[in-house]
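**Q** Can you keep this structure in mind? I'll have questions shortly.
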Amino acid sequence: MMIRALLVDDEIAAIDWMLDLLRSHPLIQVVGTATDFEQAEKWIAESPIDVVFLDIELRRHNGLDLLEQLDQHQVVLVTAHEEYALRGFDLGVVDYLLKPVSSQRLAVTIERLRKSLIAAAVPLKSSSGTALSLFPVESILLIPPEKILWIESENNYSRIHVEEGPSVLLRRTLGEWENVLFEPQFSRIGRSLMINLPRMRSMTSQPENEWKLEFYETLKTLNIGSTIARRLRKFLSHPRPPA
């Protein structure tokens with residue numbers, strides 16, 4: 001795998017430092033550099049790029065504003081301002097490097113990038129009796145779709161809850177799952193939740209306007225709010241026909 005990178009920093013010395021560090025990583029091919037917001041936008045629009053190493057303060061702009069245009073890219077923030085870390089991770093960045101970047105810390109980031117890109121690139125196939133190939137971190141999990149109870153969105157990621165064992169976090173959106181897991185078995189209930197309806201056994205009222213979903217052949221449960229519960233009841237009373 002060759003990872004195509006764009007370096008965005010308004011300091012030439014900082015770009016040169018990153019270029020020198022990245023030379024020791026054959027997985028990374030630096031396809032371009034940008035010293036301001038406009039140059040970065042041009043590179044992103046016109047060139048195939050996998051990852052953007054992005055500085056926060058770009059002269060007249062904040063680098064975080066550029067993140068809104070990078071939903072199809074991996075992003076690593078590279079900055080001297082650690083106070084932006086939490087917001088960056090909330091926006092789905094892969095990693096956060098503090099200047100001056102060390103070769104040891106960069107190696108950790110490159111490995112995270114490699115795993116994240118593998119997970120995002122693997123095509124998922126699903127049909128009756130066909131297992132899904134999931135690449136969460138270092139292993140391959142083969143999971144039959146009927147073993148999945150529900151999937152919930154976490155920013156640019158999704159968390160898959162299965163009938164046994166821990167949940168699995170992948171860099172995939174619910175929209176991507178909709179193209180893989182077919183209705184009427186799997187149904188998206190709102191923006192952030194997809195449920196395997198045949199596995200659902202009951203829905204019972206809980207305190208504070210919550211509802212608990214129970215599933216067949218597992219002790220796992222899911223608590224949902226009243227708004228999602230109303231949507232789910234409406235969906236169950238008017239199911240969509242098979243495609």
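Here's how to read the names in the structure tokens: chain A, B, ... by the order shown, residue numbers from 1 in each chain, ligand numbers from 1 in the order shown.
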List the neighbours of A:Leu6 out to 10 Å using only C-alpha atoms; skip same-chain residues closer than 6 positions along the sequence, and give me the result as an MDAnalysis selection string.
**A** chainID A and resid 29:34 40 43:44 47:54 75
**Q** For A:Pro166, list every protein, DNA or RNA residue within 12 Å, evaluated using only C-alpha atoms, and leave out those in the same chain fewer than 3 positions away; present the list as an MDAnalysis selection string.
**A** chainID A and resid 136 141 148 159:163 169 220
**Q** Using only C-alpha atoms, which residue out of A:Leu106, A:Ala13, A:Leu66, A:Leu213 lies closest to A:Ile28?
**A**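 Of the candidates, the smallest distance to A:Ile28 is held by A:Leu106.
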**Q** Given only C-alpha atoms as the basis, pick out the residue of A:Trp150, A:Tyr96, A:Tyr216, A:Trp17 nearest to A:Ser187.
**A**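 For A:Ser187, the nearest of the candidates is A:Trp150.
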**Q** If I take atom CA of A:Glu152 and atom CA of A:Val108, how far is one from the other in Å, to one decimal?
**A** 27.6 Å
**Q** Name the residues of stretch 27-110 of chain A that come out as helix (DSSP H, G or I) in a backbone DSSP run; write them as a ChimeraX atom specification.
**A** /A:37-46,63-69,82-90,103-110
**Q** Within 9 Å of A:Ile15, counting only C-alpha atoms, which residues show up once you throw out same-chain ones fewer than 5 positions away? Write them as a list in words, please.
**A**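 The residues that qualify are Leu7, Val8, Asp9, Asp10, Asp20, Thr33, Ala34 and Thr35 of chain A.
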**Q** Within 9 Å of A:Lys212, counting only C-alpha atoms, which residues qualify if same-chain residues fewer than 6 places away don't, as number ranges by chain?
**A** A: 202-206, 221-225
